[in-house]
>>> print(open('my_file_39.pdb').read())   # PDB, C-alpha atoms
ATOM      1  CA  MET A 660      17.605  24.027  49.151  1.00  0.00           C
ATOM      2  CA  ARG A 661      19.117  27.473  49.192  1.00  0.00           C
ATOM      3  CA  PRO A 662      22.250  28.233  51.187  1.00  0.00           C
ATOM      4  CA  GLU A 663      20.805  31.235  52.991  1.00  0.00           C
ATOM      5  CA  SER A 664      23.335  31.288  55.833  1.00  0.00           C
ATOM      6  CA  THR A 665      26.226  33.692  55.724  1.00  0.00           C
ATOM      7  CA  ASN A 666      27.827  32.018  58.735  1.00  0.00           C
ATOM      8  CA  GLY A 667      31.569  32.335  58.338  1.00  0.00           C
ATOM      9  CA  THR A 668      31.428  34.420  55.165  1.00  0.00           C
ATOM     10  CA  GLY A 669      31.512  37.838  56.730  1.00  0.00           C
ATOM     11  CA  GLY A 670      27.789  38.367  56.153  1.00  0.00           C
ATOM     12  CA  GLY A 671      26.104  40.918  53.982  1.00  0.00           C
ATOM     13  CA  GLY A 672      26.720  39.052  50.740  1.00  0.00           C
ATOM     14  CA  VAL A 673      24.098  37.724  48.374  1.00  0.00           C
ATOM     15  CA  ALA A 674      23.080  34.167  49.166  1.00  0.00           C
ATOM     16  CA  VAL A 675      23.714  31.985  46.131  1.00  0.00           C
ATOM     17  CA  PRO A 676      20.648  29.946  45.204  1.00  0.00           C
ATOM     18  CA  MET A 677      21.225  26.316  44.341  1.00  0.00           C
ATOM     19  CA  ASP A 678      19.861  26.657  40.781  1.00  0.00           C
ATOM     20  CA  TRP A 679      22.416  29.366  39.966  1.00  0.00           C
ATOM     21  CA  LEU A 680      25.220  27.467  41.700  1.00  0.00           C
ATOM     22  CA  CYS A 681      24.392  24.322  39.699  1.00  0.00           C
ATOM     23  CA  ALA A 682      24.237  26.286  36.422  1.00  0.00           C
ATOM     24  CA  GLU A 683      27.696  27.775  37.022  1.00  0.00           C
ATOM     25  CA  TYR A 684      29.164  24.435  38.065  1.00  0.00           C
ATOM     26  CA  LEU A 685      27.738  22.648  35.046  1.00  0.00           C
ATOM     27  CA  ALA A 686      28.910  25.380  32.661  1.00  0.00           C
ATOM     28  CA  ASP A 687      32.423  25.211  34.102  1.00  0.00           C
ATOM     29  CA  GLU A 688      32.528  21.411  33.856  1.00  0.00           C
ATOM     30  CA  LEU A 689      31.302  21.444  30.249  1.00  0.00           C
ATOM     31  CA  LEU A 690      33.999  23.942  29.243  1.00  0.00           C
ATOM     32  CA  ARG A 691      36.733  22.070  31.107  1.00  0.00           C
ATOM     33  CA  ALA A 692      35.724  18.753  29.554  1.00  0.00           C
ATOM     34  CA  GLY A 693      35.694  20.293  26.078  1.00  0.00           C
ATOM     35  CA  GLY A 694      39.241  21.581  26.507  1.00  0.00           C
ATOM     36  CA  LEU A 695      38.586  24.398  24.038  1.00  0.00           C
ATOM     37  CA  VAL A 696      40.300  27.167  25.983  1.00  0.00           C
ATOM     38  CA  GLU A 697      42.629  27.391  28.946  1.00  0.00           C
ATOM     39  CA  THR A 698      40.824  27.280  32.276  1.00  0.00           C
ATOM     40  CA  GLY A 699      40.899  30.690  33.914  1.00  0.00           C
ATOM     41  CA  SER A 700      41.410  32.576  30.651  1.00  0.00           C
ATOM     42  CA  LEU A 701      39.135  35.467  29.713  1.00  0.00           C
ATOM     43  CA  GLU A 702      37.651  33.275  27.000  1.00  0.00           C
ATOM     44  CA  HIS A 703      36.869  30.543  29.551  1.00  0.00           C
ATOM     45  CA  VAL A 704      35.192  33.081  31.836  1.00  0.00           C
ATOM     46  CA  ALA A 705      33.121  34.413  28.938  1.00  0.00           C
ATOM     47  CA  GLY A 706      32.079  30.898  27.950  1.00  0.00           C
ATOM     48  CA  ARG A 707      31.257  29.928  31.540  1.00  0.00           C
ATOM     49  CA  ARG A 708      29.164  33.029  32.104  1.00  0.00           C
ATOM     50  CA  THR A 709      27.332  32.598  28.809  1.00  0.00           C
ATOM     51  CA  LEU A 710      26.601  28.923  29.404  1.00  0.00           C
ATOM     52  CA  ALA A 711      25.623  29.458  33.055  1.00  0.00           C
ATOM     53  CA  LEU A 712      23.183  32.191  32.085  1.00  0.00           C
ATOM     54  CA  THR A 713      21.724  30.001  29.343  1.00  0.00           C
ATOM     55  CA  ILE A 714      21.336  27.019  31.673  1.00  0.00           C
ATOM     56  CA  TYR A 715      19.822  29.156  34.434  1.00  0.00           C
ATOM     57  CA  LEU A 716      17.334  30.873  32.115  1.00  0.00           C
ATOM     58  CA  CYS A 717      16.314  27.484  30.668  1.00  0.00           C
ATOM     59  CA  ASP A 718      15.428  26.489  34.228  1.00  0.00           C
ATOM     60  CA  GLY A 719      18.465  24.286  34.667  1.00  0.00           C
ATOM     61  CA  ALA A 720      18.009  20.510  34.821  1.00  0.00           C
ATOM     62  CA  ALA A 721      20.441  17.770  33.898  1.00  0.00           C
ATOM     63  CA  PRO A 722      22.254  17.950  30.547  1.00  0.00           C
ATOM     64  CA  GLU A 723      20.508  14.786  29.377  1.00  0.00           C
ATOM     65  CA  GLU A 724      17.130  16.506  29.788  1.00  0.00           C
ATOM     66  CA  ARG A 725      17.953  19.908  28.283  1.00  0.00           C
ATOM     67  CA  LEU A 726      20.940  19.441  25.977  1.00  0.00           C
ATOM     68  CA  ASP A 727      18.906  19.944  22.789  1.00  0.00           C
ATOM     69  CA  GLU A 728      17.379  23.148  24.144  1.00  0.00           C
ATOM     70  CA  TRP A 729      20.777  24.502  25.204  1.00  0.00           C
ATOM     71  CA  LEU A 730      22.231  23.666  21.794  1.00  0.00           C
ATOM     72  CA  ASP A 731      19.337  25.441  20.111  1.00  0.00           C
ATOM     73  CA  ARG A 732      19.666  28.535  22.306  1.00  0.00           C
ATOM     74  CA  THR A 733      23.412  28.825  21.697  1.00  0.00           C
ATOM     75  CA  SER A 734      23.315  28.075  17.963  1.00  0.00           C
ATOM     76  CA  TYR A 735      24.716  30.587  15.492  1.00  0.00           C
ATOM     77  CA  ASP A 736      21.360  31.601  14.025  1.00  0.00           C
ATOM     78  CA  HIS A 737      19.517  31.987  17.333  1.00  0.00           C
ATOM     79  CA  PRO A 738      19.045  35.572  18.595  1.00  0.00           C
ATOM     80  CA  TRP A 739      20.549  34.686  21.974  1.00  0.00           C
ATOM     81  CA  GLN A 740      20.864  38.236  23.335  1.00  0.00           C
ATOM     82  CA  ASP A 741      17.181  38.987  22.621  1.00  0.00           C
ATOM     83  CA  TRP A 742      16.178  35.700  24.242  1.00  0.00           C
ATOM     84  CA  VAL A 743      18.261  36.555  27.344  1.00  0.00           C
ATOM     85  CA  ARG A 744      16.668  39.987  27.646  1.00  0.00           C
ATOM     86  CA  ASP A 745      13.159  38.512  27.304  1.00  0.00           C
ATOM     87  CA  ARG A 746      13.828  35.734  29.848  1.00  0.00           C
ATOM     88  CA  LEU A 747      15.399  38.172  32.328  1.00  0.00           C
ATOM     89  CA  THR A 748      12.380  40.474  32.032  1.00  0.00           C
ATOM     90  CA  ALA A 749      10.046  37.533  32.640  1.00  0.00           C
ATOM     91  CA  ARG A 750      12.092  36.397  35.668  1.00  0.00           C
ATOM     92  CA  ARG A 751      12.132  39.916  37.110  1.00  0.00           C
ATOM     93  CA  LEU A 752       8.361  40.153  36.787  1.00  0.00           C
ATOM     94  CA  ARG A 753       7.855  36.681  38.260  1.00  0.00           C
ATOM     95  CA  ASP A 754      10.425  36.688  41.078  1.00  0.00           C
ATOM     96  CA  GLY A 755      11.395  40.335  41.564  1.00  0.00           C
ATOM     97  CA  ASP A 756      14.801  41.995  41.350  1.00  0.00           C
ATOM     98  CA  GLY A 757      15.603  41.086  44.945  1.00  0.00           C
ATOM     99  CA  GLU A 758      15.563  37.337  44.327  1.00  0.00           C
ATOM    100  CA  PRO A 759      19.226  36.230  44.517  1.00  0.00           C
ATOM    101  CA  GLY A 760      19.151  34.172  41.306  1.00  0.00           C
ATOM    102  CA  VAL A 761      17.683  37.057  39.356  1.00  0.00           C
ATOM    103  CA  ALA A 762      20.252  39.437  40.834  1.00  0.00           C
ATOM    104  CA  LEU A 763      23.110  37.107  39.844  1.00  0.00           C
ATOM    105  CA  ALA A 764      21.676  36.607  36.345  1.00  0.00           C
ATOM    106  CA  LEU A 765      21.323  40.371  35.856  1.00  0.00           C
ATOM    107  CA  GLU A 766      24.884  40.961  37.048  1.00  0.00           C
ATOM    108  CA  THR A 767      26.182  38.210  34.760  1.00  0.00           C
ATOM    109  CA  TRP A 768      24.342  39.710  31.776  1.00  0.00           C
ATOM    110  CA  ARG A 769      25.738  43.157  32.599  1.00  0.00           C
ATOM    111  CA  LEU A 770      29.270  41.739  32.726  1.00  0.00           C
ATOM    112  CA  LEU A 771      28.792  39.853  29.455  1.00  0.00           C
ATOM    113  CA  GLU A 772      27.632  43.012  27.691  1.00  0.00           C
ATOM    114  CA  GLU A 773      30.116  45.444  29.227  1.00  0.00           C
ATOM    115  CA  THR A 774      33.248  43.295  29.139  1.00  0.00           C
ATOM    116  CA  HIS A 775      34.810  43.441  25.686  1.00  0.00           C
ATOM    117  CA  LEU A 776      37.426  41.040  24.377  1.00  0.00           C
ATOM    118  CA  LEU A 777      39.758  41.495  21.435  1.00  0.00           C
ATOM    119  CA  ALA A 778      39.107  38.650  19.003  1.00  0.00           C
ATOM    120  CA  ALA A 779      39.542  37.683  15.379  1.00  0.00           C
ATOM    121  CA  ASP A 780      36.994  39.412  13.146  1.00  0.00           C
ATOM    122  CA  LEU A 781      34.648  36.590  12.159  1.00  0.00           C
ATOM    123  CA  GLY A 782      32.014  39.038  10.938  1.00  0.00           C
ATOM    124  CA  ALA A 783      33.771  39.392   7.592  1.00  0.00           C
ATOM    125  CA  LEU A 784      33.569  35.664   6.771  1.00  0.00           C
ATOM    126  CA  PRO A 785      31.596  34.596   3.701  1.00  0.00           C
ATOM    127  CA  ALA A 786      28.096  33.413   4.630  1.00  0.00           C
ATOM    128  CA  ALA A 787      27.700  30.915   1.766  1.00  0.00           C
ATOM    129  CA  PRO A 788      27.959  27.258   2.866  1.00  0.00           C
ATOM    130  CA  GLY A 789      30.732  25.181   1.361  1.00  0.00           C
ATOM    131  CA  VAL A 790      32.994  28.156   0.680  1.00  0.00           C
ATOM    132  CA  GLY A 791      36.566  27.693   1.825  1.00  0.00           C
ATOM    133  CA  VAL A 792      37.152  30.051   4.701  1.00  0.00           C
ATOM    134  CA  MET A 793      40.432  31.605   5.672  1.00  0.00           C
ATOM    135  CA  VAL A 794      40.357  33.588   8.866  1.00  0.00           C
ATOM    136  CA  ASP A 795      42.765  36.487   9.049  1.00  0.00           C
ATOM    137  CA  GLU A 796      43.578  36.319  12.751  1.00  0.00           C
ATOM    138  CA  SER A 797      45.491  39.586  12.546  1.00  0.00           C
ATOM    139  CA  ALA A 798      42.212  41.409  11.804  1.00  0.00           C
ATOM    140  CA  ARG A 799      40.799  41.877  15.292  1.00  0.00           C
ATOM    141  CA  VAL A 800      37.776  43.630  16.721  1.00  0.00           C
ATOM    142  CA  TRP A 801      36.476  44.317  20.220  1.00  0.00           C
ATOM    143  CA  LEU A 802      33.428  42.182  20.979  1.00  0.00           C
ATOM    144  CA  PRO A 803      31.105  41.955  23.980  1.00  0.00           C
ATOM    145  CA  SER A 804      32.312  38.851  25.822  1.00  0.00           C
ATOM    146  CA  TRP A 805      29.070  36.956  25.197  1.00  0.00           C
ATOM    147  CA  GLN A 806      29.822  37.008  21.450  1.00  0.00           C
ATOM    148  CA  LEU A 807      32.943  34.955  22.121  1.00  0.00           C
ATOM    149  CA  GLY A 808      31.435  32.917  24.960  1.00  0.00           C
ATOM    150  CA  LEU A 809      28.409  31.822  22.953  1.00  0.00           C
ATOM    151  CA  PRO A 810      30.233  29.783  20.266  1.00  0.00           C
ATOM    152  CA  LEU A 811      32.587  28.367  22.916  1.00  0.00           C
ATOM    153  CA  GLY A 812      29.606  27.247  24.966  1.00  0.00           C
ATOM    154  CA  HIS A 813      27.910  25.793  21.912  1.00  0.00           C
ATOM    155  CA  LEU A 814      31.021  23.795  20.961  1.00  0.00           C
ATOM    156  CA  ALA A 815      31.416  22.565  24.551  1.00  0.00           C
ATOM    157  CA  LEU A 816      27.814  21.334  24.463  1.00  0.00           C
ATOM    158  CA  HIS A 817      28.488  19.494  21.193  1.00  0.00           C
ATOM    159  CA  LEU A 818      31.559  17.846  22.701  1.00  0.00           C
ATOM    160  CA  TYR A 819      29.549  16.687  25.708  1.00  0.00           C
TER     161      TYR A 819
END
>>> encode(input="my_file_39.pdb", output="structure tokens")
Amino acid sequence: MRPESTNGTGGGGVAVPMDWLCAEYLADELLRAGGLVETGSLEHVAGRRTLALTIYLCDGAAPEERLDEWLDRTSYDHPWQDWVRDRLTARRLRDGDGEPGVALALETWRLLEETHLLAADLGALPAAPGVGVMVDESARVWLPSWQLGLPLGHLALHLY
């Protein structure tokens, strides 16, 4: 069921489809339960947006049914941003840009790409497994927020 009514909301806003609403709720709950970052922080928002977009583009469902797929999509070696672009293109062709879920997904992707966060430079870490890693947290770089939200979301899924 989609909450199409704008009764009492001032009207004119985009109706939020239930599949998007459920994806955002689930993403928020997973991050809160994981306790990885402070609720309401920029990092939390990035993680929630990243997870919600992943869940929505995987066609939602309960965590028990899709957890392995979500873990795979958010894993370090998965080209998540390419997958998002491909899935958004497919959704736009299937449902059209005017469909509220597609509009919200496109807006979320735009925010994830355009919002940059200052974070520790993890790109300079050695790639060899088993090597002791020391992160110099004073070396910081500006990253699109999805690059910080993706590992947070992945860790939250593991903690679930």
>>> residues_around(input="my_file_39.pdb", residues="Trp729 in chain A", least_positions_apart="2", cutoff="9 Å", atoms="all atoms listed in the file", output="list in words")
Leu710, Thr713, Ile714, Cys717, Pro722, Arg725, Leu726, Asp727, Asp731, Arg732, Thr733, Ser734, His813 and Leu816 of chain A
>>> atom_distance(input="my_file_39.pdb", atom1="CA of Asp756 in chain A", atom2="CA of Asp718 in chain A")
17.1 Å
>>> atom_distance(input="my_file_39.pdb", atom1="CA of Arg753 in chain A", atom2="CA of Glu683 in chain A")
21.8 Å
>>> resolve_selection(input="my_file_39.pdb", expression="the PyMOL selection byres ((chain A and resi 739) around 12)", output="PyMOL selection string")
chain A and resi 709-710+712-713+716+729-738+740-746+768+805-806+808-810+813
>>> atom_distance(input="my_file_39.pdb", atom1="CA of Leu818 in chain A", atom2="CA of Arg707 in chain A")
15.0 Å
>>> axis_aligned_box(input="my_file_39.pdb", around="range 759-766 of chain A", padding_each_side="8 Å", output="lines of an AutoDock Vina configuration file")
center_x = 21.3
center_y = 37.6
center_z = 40.2
size_x = 23.2
size_y = 22.8
size_z = 24.7
>>> residues_around(input="my_file_39.pdb", residues="Glu688 in chain A", least_positions_apart="4", cutoff="10 Å", atoms="only C-alpha atoms", output="PyMOL selection string")
chain A and resi 682-684+692-694+707+815+819
>>> closest_residue(input="my_file_39.pdb", among="A:Leu747, A:Glu728, A:Arg708, A:Leu807", to="His775 in chain A", atoms="only C-alpha atoms")
A:Leu807
>>> closest_residue(input="my_file_39.pdb", among="A:Ala711, A:Glu723, A:Glu766, A:Ala779", to="Trp679 in chain A", atoms="only C-alpha atoms")
A:Ala711
>>> closest_residue(input="my_file_39.pdb", among="A:Glu702, A:Cys681, A:Pro803, A:Val696", to="Leu770 in chain A", atoms="all atoms listed in the file")
A:Pro803
>>> residues_around(input="my_file_39.pdb", residues="Val800 in chain A", least_positions_apart="5", cutoff="6 Å", atoms="only C-alpha atoms", output="ChimeraX atom specification")
/A:777-778,780
>>> write_last_selection(input="my_file_39.pdb", atoms="C-alpha atoms", output="short mmCIF file (atom, residue, chain, number, x, y, z; two decimals), in the coordinates of the input")
data_model
loop_
_atom_site.label_atom_id
_atom_site.label_comp_id
_atom_site.auth_asym_id
_atom_site.auth_seq_id
_atom_site.Cartn_x
_atom_site.Cartn_y
_atom_site.Cartn_z
CA LEU A 777 39.76 41.50 21.44
CA ALA A 778 39.11 38.65 19.00
CA ASP A 780 36.99 39.41 13.15
#
>>> closest_residue(input="my_file_39.pdb", among="A:Tyr715, A:Leu701, A:Gly757, A:Gly812", to="Asp687 in chain A", atoms="only C-alpha atoms")
A:Gly812
>>> closest_residue(input="my_file_39.pdb", among="A:Leu695, A:Val675, A:Arg799, A:Leu689", to="Glu758 in chain A", atoms="only C-alpha atoms")
A:Val675
>>> closest_residue(input="my_file_39.pdb", among="A:Ser804, A:Leu814, A:Glu796, A:Ala762", to="Ala674 in chain A", atoms="only C-alpha atoms")
A:Ala762
